[in-house]
Amino acid sequence: MAAKKLSKEKVQEALQELTKFRLIAPAKSDEVVIFKQITDPGEAFLDYGNSTVPPKKVVFPQTETLFRFQRGNPELREKNVEEEGTTVIFGLRPCDARAMSIVDRLFSWDFEDPYYLKRRELTTLVGLACNEPPSINCFCTSLGGSPFGKEGLDILLTDMGDHYLVQALTEKGEKLQDILSAHLEDAPAEEEKKAEEMAAQAEGKIARSINTEGIPEKLPTLWEHELWKKASAACLGCGICTFLCPTCHCFDIQDEVEEMGEGRRARMWDSCMFSEYTLHASGHNPRPTRRERTRNRISHKYSYYPKRFEVIACVGCGRCINLCPVNIDILEILEQVVDAS
Amino acid sequence: MVEVEKLREIAREVISRDDVRQLIGYRQGTYGFRARPAFITSPEEVDQLIFSPACVNNLATYLTLEEKLPVPRGQEPDLRKVAVMVKGCDSRALVQQMEEKAYERDRIVVLGIPCTGVVDMDKVEERFPNVLSRGEIALEGDKFILSFDGRREEVPKEELLADKCKRCRYPTPLVYDQLLDQEVARFADDDYSDIVELEKRSAEEKWAYWEEKFSRCIRCYSCRNVCPMCYCEDCVLDRLNPQWMRRSVDLSENTAYHIARAYHLAGRCIQCGECQRVCPVEIPLMELNRKFYKDVEELYDYEPGTDAEAPPLLATFKVDDREDFIL
Amino acid sequence: MNGKPKIGVYVCHCGTNIAGVVNVEEVVQFASTLPDVVVARNYSYMCSDPGQALITDDIEKFGLNRVVVASCSPRMHEPTFRKTLLSGGLNPYFLEMANIREQCSWVHEDPIAATEKAKRIVEAAVVKARRLEALDVKEVDVEPACLIIGAGIAGIQAALDIADAGFKVYLVEKSPTVGGHMAQLDKTFPTLDCSACILTPKMVDVANHPNIELMTYSQVEEISGYIGNFEVKVRKKSRFVDMDKCTGCGACAEVCRMAGRIPNEFDEGIGMRGAIYLPFPQAVPAKYTIDKENCLFLSKGKCGESPKCKEACQADAINFDLQDEIVEFKVGTIIVATGYDVFDARKKPEYAYGVYDNVLTALEFERLVNASGPTGGKIVMLERGKKKKKKEGEEAEAPRVPKSITFIQCVGSRDKSVGNEYCSRVCCMYTAKLAHLAKDKIPDCEVTIFYMDVRAFGKGFEEFYDRVRREGVRYIRGNPSEIFRRGDKLVVKAEDTLTATPLEHETDMVVLSVGLVPRSDNREIIDLLKLSQSSDLFYLEAHPKLRPVDTASDGIFLAGVCQGPKDIPDAVAQAKGAASAAMIPMASGKVKVEAQTSVVNEATCRGCGFCVAVCPYTAIELVEVNRNGWPVKVARVNEALCKGCGACAAACLSGSIQQRSFKDIQILPQIQALGVK
Amino acid sequence: MAEKNSDFEPNIVAFLCNWCSYAGADLAGTSRIQYPPNVRVIRVMCSGRVNPLFVMNALQQGADGVLISGCHPGDCHYMQGNYYARRRFMLMRNFLEYLGVEPERVRMSWVSASEGAKWKEVIEEVVNGVKSVGPMNKFQRRQLNW
């Protein structure tokens with residue numbers, strides 16, 4: 001597919017066109033950038049680093065109704081994801097898209113999750129390459145990702161200054177590109193080559209890194225190692241590092257019932273850093289303190305997940321480092337894992 | 001400002017005592033200007049301890065946050081003391097915790113740090129983004145001196161000072177075993193101007209303001225877990241039977257959560273500002289707590305965390321409490 | 001029994017009280033659709049035996065383990081239905097009542113709205129019933145002793161009955177003697193018995209009864225505890241006279257420098273007494289008392305060279321160093337019989353009481369006609385002003401006998417302007433009696449009574465009223481507006497409403513038939529015992545018709561006028577009622593204690609002490625327990641002291657302390673059932 | 001202001017203390033004093049038992065207004081329950097107002113066992129107060145996740 005060009009003046013029109021779908025774009029709520037459905041293109045805010053809450057919440061909502069029930073009525077009213085309509089996530093970062101492709105492996109593993117996969121099917125991802133690393137703690141390059149990464153994206157936009165280079169990467173991407181053809185022009189051939197140079201430059205700007213070689217195999221051997229106690233000493237046991245991680249996918253299912261016998265079964269995010277995540281009804285907790293939970297969080301991403309899906313469940317977006325209230329740094333921990341005897 | 005050597009010397013002496021199990025202080029963060037809590041259990045680890053305007057955490061929360069593993073049969077629980085470094089505002093958390101009998105005074109060794117104000121790390125990182133190498137922050141006169149990557153930047157104190165410090169009434173710790181510096185006289189006060197301004201708005205405007213904030217909340221509970229006053233064994237809001245508040249994350253449950261949390265801090269919050277600092281979606285939680293704080297002060301002339309012997313606010317009453325709203 | 005709930009719902013018609021407005025069938029149909037409801041019925045009178053039998057049969061037939069009765073207020077029949085459950089073999093606390101009468105059918109006319117609300121009330125009761133838990137009905141021992149506060153006729157009668165039944169009685173009286181207001185009266189209506197003749201024997205019995213510990217000139221200072229276990233502290237005020245030595249001879253009173261110079265309260269201030277005095281001759285105990293404020297030695301430290309009374313006392317009973325004595329004891333029940341005050345006539349300035357000497361209150365007139373009164377029973381015109389200097393030898397001219405006496409009824413009763421809307425029940429008859437006595441003592445005296453309505457409702461009252469009129473007492477229907485002086489006569493301005501003729505009735509003496517009002521110091525007892533007051537500020541009985549002698553607090557009873565105006569026969573009857581009510585727990589020796597007390601989940605309690613601080617009964621304390629090897633402090637409730645108010649449950653932030661039958665898990669579903677539109 | 005449609009019938013949850021206000025409400029019943037049916041009563045043993053979070057829970061569940069009624073100060077059957085309730089609700093009411101919940105929605109009253117008439121006045125004052133501010137639509141549970 002020949003690359004296209006989207007001049008910056010036409011961005012608003014393009015977005016207006018997309019509002020006929022469920023258009024999700026980065027927008028500002030006070031000073032916080034969050035992905036939310038926009039109806040007026042003016043709300044979109046593309047000059048941003050990365051959102052606090054990753055776009056995972058679009059395809060894997062924090063709370064979603066599975067089905068509704070009523071006493072005395074045997075028929076369950078299942079939630080029809082179709083009703084949400086085709087969705088376009090515009091302007092997400094390559095790492096978040098790559099994270100979705102990682103999480104797809106789990107949700108289409110031994111059980112095809114109907115809700116998540118249907119939503120993914122309905123969603124087209126239009127990524128925006130990172131000319132500048134969104135934060136000092138980005139380390140996507142260490143995990144096989146890139147500021148210009150295409151994995152998981154349907155279209156990649158690259159900011160070339162007065163316009164965006166539009167590269168359709170998948171069939172969905174091409175379909176969307178056709179829909180937007182009125183606002184696009186053909187991009188000169190060398191633009192794509194220029195983008196590659198920019199990619200290399202951007203990758204050079206990533207300041208932090210980790211050599212993941214051997215970590216998945218080594219982690220299980222450090223089960224009782226001293227480092228976990230030290231690393232988790234300051235941990236508050238809150239849900240920031242998991243809720244804000246684009247690859248975290250754990251959820252809890254609960255029934256919310258009202259006295260009159262109406263209710264719904266809902267799924268909502270859960271965090272392995274919470275104590276009741278593994279709390280048994282008997283009161284026993286196999287992971288009683290935050291030491292075990294921190295060990296589990298790191299081991300799951302860097303050992304258990306790769307063992308099952310051949311990919312480390314981390315895309316190096318840096319959110320868990322930036323937003324941890326007590327500066328627990330996953331890279332510092334991983335370095336300690338590498339150095340641990 | 002506290003000289004680091006003196007601080008480490010006192011810390012070494014304290015942690016060497018056989019009746020002290022652990023010392024909680026601050027150490028340099030992993031990048032930029034960040035500082036983070038340090039947990040010292042032996043004299044050798046003392047050299048990592050620092051104190052600077054970057055040390056924003058309230059370490060008092062760790063006294064009640066510690067998860068106690070069941071003591072194996074035949075062994076005794078380690079009841080040795082815990083030493084903790086506290087700034088002026090942090091020390092009020094100790095006073096309030098002791099007022100609520102969380103622990104006895106003799107269970108803790110308090111190293112008091114008279115504080116001249118700490119930075120708002122968001123403002124620092126906004127002003128000097130992408131600083132990876134370890135940066136230092138110091139306060140000289142009324143200027144913050146930031147040294148990093150070989151550069152030395154001077155910034156007027158006001159511009160980087162944390163909001164809570166602009167209204168700090170207790171710079172010098174109210175309880176301490178040792179003071180690591182001379183006392184700092186009170187340099188600010190709280191006129192609740194922001195609260196008063198919000199109170200004046202109409203019901204619709206106020207709700208629109210809070211609806212925007214509460215809709216962002218992702219219920220990560222960092223504001224609860226960081227709070228030194230939130231130390232219930234099993235938070236009533238997490239319970240399923242009865243279920244006060246549902247797990248689902250939406251405006252209704254989020255609002256219920258924030259009302260319950262703020263109410264549970266009525267007459268207990270000591271304004272250390274941690275909840276607002278840690279909130280990933282920047283909900284102005286202090287504006288919630290300080291509404292109760294202002295009412296409690298005006299109506300009942302009560303300031304939490306200032307007198308360990310004072311009875312809890314909501315467990316006392318005066319016969320002439322105001323009741324003009326009662327039919 | 002806490003297993004899967006099987007609920008029976010019983011909706012009562014209560015004749016037409018409920019069924020007249022609420023569509024009972026619709027409510028029953030609705031109730032049958034609610035979760036865990038196994039059977040739903042309606043019946044005309046659920047509280048009747050057949051009604052209750054419905055429940056016990058269903059418990060048998062369906063194995064019910066929860067019962068919801070939708071009828072009247074739980075305050076009315078909760079005890080009844082709890083007994084029903086008990087007889088059906090079910091724990092009484094598996095009952096939940098839905099108040100669809102007092103708070104629904106009786107107060108909402110619109111049938112649709114009332115039925116809709118009734119459904120919601122029933123639903124809230126069902127969802128709570130589902131979560132009710134069995135409570136073991138705890139019993140505590142009852143101290144077989146009774147404290148009676150106030151030794152008027154009511155207190156005396158109650159004390160005698162309980163003592164005769166073999167129980168210990170502590171009878172505490174604030175004034176130096178027992179007898180109360182009845183002792184002040186001359187004759188009693190309608191039989192004209194001499195009040196002293198029928199009262200003094202009982203006063204003597206009370207003083208000598210082996211089971212009664214009489215404490216006069218004493219005040220209850222502190223009461224704590226609960227039914228069966230009240231700890232009482234009484235302050236026996238010092239009389240400065242040694243009760244054992246004093247023989248009551250009166251020598252001291254004669255020589256007292258203050259003799260005759262202090263208005264005697266007992267004589268309503270007409271008669272005088274000294275600083276050391278006996279209220280009245282037949283006082284029991286017949287021991288003298290020194291009035292601290294007026295005794296020169298005690299108040300100013302000097303009484304001439306030395307106190308005369310001490311010199312005169314043969315028995316050497318006077319001892320100025322005697323201190324108040326605090327007595328502590330334990331009782332099982334308490335009877336409040338603190339009596340009343342008479343209405344302060346100064347609050348009706350138009351009647352010029354206190355302005356003209358010869359405007360008297362009825363109680364003052366009682367003292368006048370009383371043989372042991374200050375005038376030896378002679379009705380004479382009073383000169384209350386400064387005592388004229390009696391010159392040596394000059395015989396005081398004999399006080400004049402009034403030619404005409406006028407009574408005015410309902411002074412301070414049935415009068416909204418002074419806040420006493422109630423009728424004091426006794427004034428009509430005591431006025432007729434006093435009028436008869438006046439006629440009897442001064443045959444040619446013109447006796448007139450201004451009245452609004454004569455209430456001669458009791459046994460022999462009407463006959464007595466008729467007799468008094470036949471003796472020439474003139475009844476004029478009209479409420480006097482004013483009294484003023486004309487010459488040496490008093491003029492009563494009024495209108496005879498039967499003949500609609502205004503008149504200015506001249507008379508020598510006016511007697512105001514003052515009503516009965518709550519004692520000025522009744523707040524003390526309220527604070528001691530947490531009694532509540534009815535709208536007329538007398539003490540509130542538990543239920544005006546069904547529980548007239550009980551109070552809201554278990555083990556505390558009311559007798560006499562302190563509960564509301566009544567005459568002597570009613571006061572005695574109520575006193576005997578209170579005595580028998582008090583004897584029930586004392587006789588059984590055991591009493592059921594509040595079962596709906598608080599309980600602590602020691603696993604989640606953080607030992608902050610908020611509950612300990614809010615508990616009004618100090619029923620909670622922090623104890624150290626071992627939690628997984630760690631010593632922690634947790635709250636623990638003393639279930640005998642806990643009264644089940646629930647203040648601790650609301651103060652607890654972690655929800656660790658809950659009040660049984662009112663736990664969060666039981667209230668939140670109610671909110672949901674009532675709240676969701 | 002919220003649209004004030006005249007046929008809006010508010011749904012008000014009331015917490016009544018057993019000894020005074022519940023008895024007062026019963027007295028209004030025995031005296032056949034008529035009052036609007038909008039208030040639905042939950043009986044508690046003392047106003048001191050009412051946890052202000054019940055108010056939040058009621059408003060969240062669908063109530064348009066909440067009323068807490070107890071004994072007059074000094075008359076509490078348990079001595080102090082109403083004093084604690086007074087402080088708690090003073091703070092909670094101010095806080096809810098601060099969030100944008102109109103104060104007319106959270107009401108408190110002292111009604112003694114003998115004040116049947118006053119109970120009617122309290123009910124009418126509360127019902128009219130809630131009617132004036134319209135239905136509660138701020139953070140109601142059913143409007144959102146159904």
# chains A, B, ... in the order shown; residues from 1 in each chain; ligands from 1

$ closest_atom_pairs --of "chain D" --to "chain B" --cutoff "9 Å" --atoms "only C-alpha atoms" --output "CSV"
residue,atom,partner,partner_atom,distance
D:Met1,CA,B:Glu204,CA,7.6
D:Ala2,CA,B:Glu204,CA,8.5
D:Pro52,CA,B:Tyr263,CA,8.5
D:Leu53,CA,B:Ala260,CA,6.6
D:Phe54,CA,B:Trp244,CA,8.9
D:Met56,CA,B:Ala256,CA,6.7
D:Asn57,CA,B:Trp244,CA,7.3
D:Gln60,CA,B:Ser252,CA,6.7
D:Pro73,CA,B:Val319,CA,7.8
D:Gly74,CA,B:Val319,CA,8.7
D:Gln80,CA,B:Phe317,CA,8.6
D:Tyr83,CA,B:Phe317,CA,6.1
D:Tyr84,CA,B:Phe317,CA,6.2
D:Arg86,CA,B:Glu323,CA,6.9
D:Arg87,CA,B:Leu314,CA,7.0
D:Arg88,CA,B:Leu314,CA,6.8
D:Met90,CA,B:Glu323,CA,7.6
D:Leu91,CA,B:Phe292,CA,6.8
D:Met92,CA,B:Tyr263,CA,7.1
D:Asn94,CA,B:Asp295,CA,8.0
D:Phe95,CA,B:Phe292,CA,6.8
D:Leu96,CA,B:Ile259,CA,8.1
D:Glu97,CA,B:Ala203,CA,7.3
D:Tyr98,CA,B:Glu199,CA,5.8
D:Leu99,CA,B:Trp207,CA,5.6
D:Gly100,CA,B:Ala203,CA,4.2
D:Val101,CA,B:Ala203,CA,6.4
D:Glu102,CA,B:Ala203,CA,6.3
D:Arg107,CA,B:Ile326,CA,7.0
D:Met108,CA,B:Ile326,CA,5.0
D:Ser109,CA,B:Leu327,CA,4.4
D:Trp110,CA,B:Leu327,CA,6.5
D:Val111,CA,B:Leu327,CA,8.7
D:Val122,CA,B:Leu327,CA,6.8
D:Glu125,CA,B:Leu327,CA,8.7
D:Lys138,CA,B:Trp207,CA,7.5
D:Phe139,CA,B:Ser252,CA,4.5
D:Gln140,CA,B:Ser252,CA,5.8
D:Arg141,CA,B:Ser252,CA,5.3
D:Arg142,CA,B:Ser252,CA,8.8
D:Gln143,CA,B:Ser252,CA,8.9
D:Leu144,CA,B:Ser252,CA,7.3
D:Asn145,CA,B:Asp250,CA,7.8

$ interface_residues --of "chain B" --to "chain C" --cutoff "6 Å" --atoms "only C-alpha atoms" --output "PyMOL selection string"
chain B and resi 70-71+100-101+233+236+242+315

$ select_by_dssp --residues "segment 79-109 of chain A" --states "strand (DSSP E or B)" --output "ChimeraX atom specification"
/A:87-92,108

$ interface_residues --of "chain A" --to "chain D" --cutoff "12 Å" --atoms "only C-alpha atoms" --output "PyMOL selection string"
chain A and resi 63-69+77+79+256-259+262-266

$ residues_around --residues "Val24 of chain C" --least-positions-apart "2" --cutoff "12 Å" --atoms "only C-alpha atoms" --output "MDAnalysis selection string"
chainID C and resid 9:22 26:31 40:44 70:71 100:101 105 111:112 114:119 122

$ select_by_dssp --residues "segment 511-609 of chain C" --states "helix (DSSP H, G or I)" --output "JSON, numbers by chain"
{"C": [522, 523, 524, 525, 526, 527, 528, 529, 560, 561, 562, 563, 568, 569, 570, 571, 572, 573, 574, 575, 576, 577, 578, 579, 580, 581, 582, 583, 584, 585, 586, 587, 588]}

$ write_last_selection --atoms "N, CA, C and O atoms" --output "compact mmCIF listing (two decimals), in the first residue's frame"
# COMPACT_ATOMS: atom_id res chain seq x y z
N ASN C 522 -37.54 18.42 89.18
CA ASN C 522 -37.69 17.05 88.61
C ASN C 522 -36.61 16.75 87.58
O ASN C 522 -36.40 15.61 87.18
N ARG C 523 -35.87 17.81 87.18
CA ARG C 523 -34.79 17.58 86.21
C ARG C 523 -33.72 16.66 86.83
O ARG C 523 -33.10 15.84 86.13
N GLU C 524 -33.53 16.80 88.20
CA GLU C 524 -32.49 15.97 88.85
C GLU C 524 -32.76 14.48 88.59
O GLU C 524 -31.89 13.71 88.20
N ILE C 525 -34.02 14.08 88.79
CA ILE C 525 -34.35 12.65 88.63
C ILE C 525 -34.22 12.26 87.15
O ILE C 525 -33.77 11.17 86.81
N ILE C 526 -34.58 13.21 86.27
CA ILE C 526 -34.50 12.89 84.82
C ILE C 526 -33.06 12.59 84.45
O ILE C 526 -32.75 11.60 83.78
N ASP C 527 -32.15 13.44 84.97
CA ASP C 527 -30.74 13.20 84.61
C ASP C 527 -30.24 11.91 85.26
O ASP C 527 -29.47 11.16 84.68
N LEU C 528 -30.73 11.63 86.48
CA LEU C 528 -30.27 10.40 87.17
C LEU C 528 -30.73 9.17 86.42
O LEU C 528 -29.96 8.22 86.21
N LEU C 529 -31.98 9.16 86.01
CA LEU C 529 -32.58 7.91 85.51
C LEU C 529 -32.92 7.96 84.03
O LEU C 529 -33.44 6.99 83.48
N GLY C 560 -47.75 7.79 91.77
CA GLY C 560 -48.20 9.06 92.34
C GLY C 560 -48.23 10.19 91.32
O GLY C 560 -48.15 9.95 90.11
N VAL C 561 -48.29 11.40 91.86
CA VAL C 561 -48.54 12.56 91.00
C VAL C 561 -47.34 12.87 90.12
O VAL C 561 -47.46 13.54 89.10
N CYS C 562 -46.16 12.33 90.44
CA CYS C 562 -45.00 12.65 89.58
C CYS C 562 -45.27 12.18 88.16
O CYS C 562 -44.70 12.68 87.20
N GLN C 563 -46.22 11.22 87.99
CA GLN C 563 -46.56 10.72 86.65
C GLN C 563 -47.73 11.51 86.07
O GLN C 563 -47.97 11.49 84.86
N ILE C 568 -55.72 11.06 96.03
CA ILE C 568 -55.06 10.08 96.91
C ILE C 568 -55.44 8.65 96.54
O ILE C 568 -54.55 7.80 96.39
N PRO C 569 -56.73 8.35 96.33
CA PRO C 569 -57.07 6.95 95.99
C PRO C 569 -56.32 6.48 94.74
O PRO C 569 -55.75 5.40 94.71
N ASP C 570 -56.29 7.32 93.70
CA ASP C 570 -55.58 6.90 92.47
C ASP C 570 -54.09 6.74 92.75
O ASP C 570 -53.44 5.80 92.28
N ALA C 571 -53.52 7.68 93.54
CA ALA C 571 -52.08 7.61 93.83
C ALA C 571 -51.77 6.30 94.55
O ALA C 571 -50.81 5.59 94.21
N VAL C 572 -52.64 5.95 95.53
CA VAL C 572 -52.39 4.71 96.30
C VAL C 572 -52.53 3.50 95.38
O VAL C 572 -51.69 2.59 95.36
N ALA C 573 -53.56 3.55 94.53
CA ALA C 573 -53.76 2.40 93.62
C ALA C 573 -52.54 2.26 92.72
O ALA C 573 -52.00 1.16 92.54
N GLN C 574 -52.07 3.40 92.17
CA GLN C 574 -50.91 3.31 91.27
C GLN C 574 -49.68 2.84 92.04
O GLN C 574 -48.86 2.06 91.53
N ALA C 575 -49.56 3.29 93.30
CA ALA C 575 -48.40 2.88 94.10
C ALA C 575 -48.42 1.36 94.29
O ALA C 575 -47.38 0.68 94.14
N LYS C 576 -49.61 0.82 94.59
CA LYS C 576 -49.70 -0.64 94.77
C LYS C 576 -49.39 -1.33 93.44
O LYS C 576 -48.73 -2.37 93.40
N GLY C 577 -49.81 -0.70 92.31
CA GLY C 577 -49.51 -1.26 90.99
C GLY C 577 -48.00 -1.27 90.74
O GLY C 577 -47.43 -2.29 90.35
N ALA C 578 -47.39 -0.13 91.05
CA ALA C 578 -45.93 -0.04 90.82
C ALA C 578 -45.21 -1.05 91.71
O ALA C 578 -44.27 -1.73 91.27
N ALA C 579 -45.70 -1.18 92.95
CA ALA C 579 -45.06 -2.13 93.87
C ALA C 579 -45.13 -3.53 93.27
O ALA C 579 -44.13 -4.26 93.18
N SER C 580 -46.29 -3.93 92.80
CA SER C 580 -46.41 -5.31 92.29
C SER C 580 -45.58 -5.46 91.01
O SER C 580 -44.93 -6.47 90.79
N ALA C 581 -45.55 -4.38 90.19
CA ALA C 581 -44.74 -4.49 88.96
C ALA C 581 -43.27 -4.66 89.33
O ALA C 581 -42.54 -5.47 88.74
N ALA C 582 -42.85 -3.91 90.36
CA ALA C 582 -41.43 -3.99 90.76
C ALA C 582 -41.13 -5.36 91.33
O ALA C 582 -40.03 -5.90 91.19
N MET C 583 -42.13 -5.96 91.97
CA MET C 583 -41.86 -7.24 92.64
C MET C 583 -41.72 -8.40 91.66
O MET C 583 -41.18 -9.46 92.00
N ILE C 584 -42.21 -8.18 90.43
CA ILE C 584 -42.14 -9.31 89.48
C ILE C 584 -40.68 -9.73 89.27
O ILE C 584 -40.33 -10.88 89.53
N PRO C 585 -39.80 -8.79 88.84
CA PRO C 585 -38.40 -9.25 88.65
C PRO C 585 -37.78 -9.68 89.97
O PRO C 585 -37.04 -10.67 90.03
N MET C 586 -38.15 -8.96 91.06
CA MET C 586 -37.49 -9.30 92.35
C MET C 586 -37.91 -10.70 92.78
O MET C 586 -37.12 -11.49 93.28
N ALA C 587 -39.21 -11.02 92.56
CA ALA C 587 -39.69 -12.34 92.98
C ALA C 587 -39.04 -13.42 92.12
O ALA C 587 -38.55 -14.44 92.63
N SER C 588 -38.99 -13.18 90.83
CA SER C 588 -38.45 -14.26 89.98
C SER C 588 -36.94 -14.37 90.16
O SER C 588 -36.34 -15.37 89.80

$ interface_residues --of "chain C" --to "chain D" --cutoff "9 Å" --atoms "only C-alpha atoms" --output "PyMOL selection string"
chain C and resi 73+75+101-109+113-114+117+120-121+124+526-527+530-535+540+552-553+614-617+643-651+659+662+664+667-668+670-672+674-677
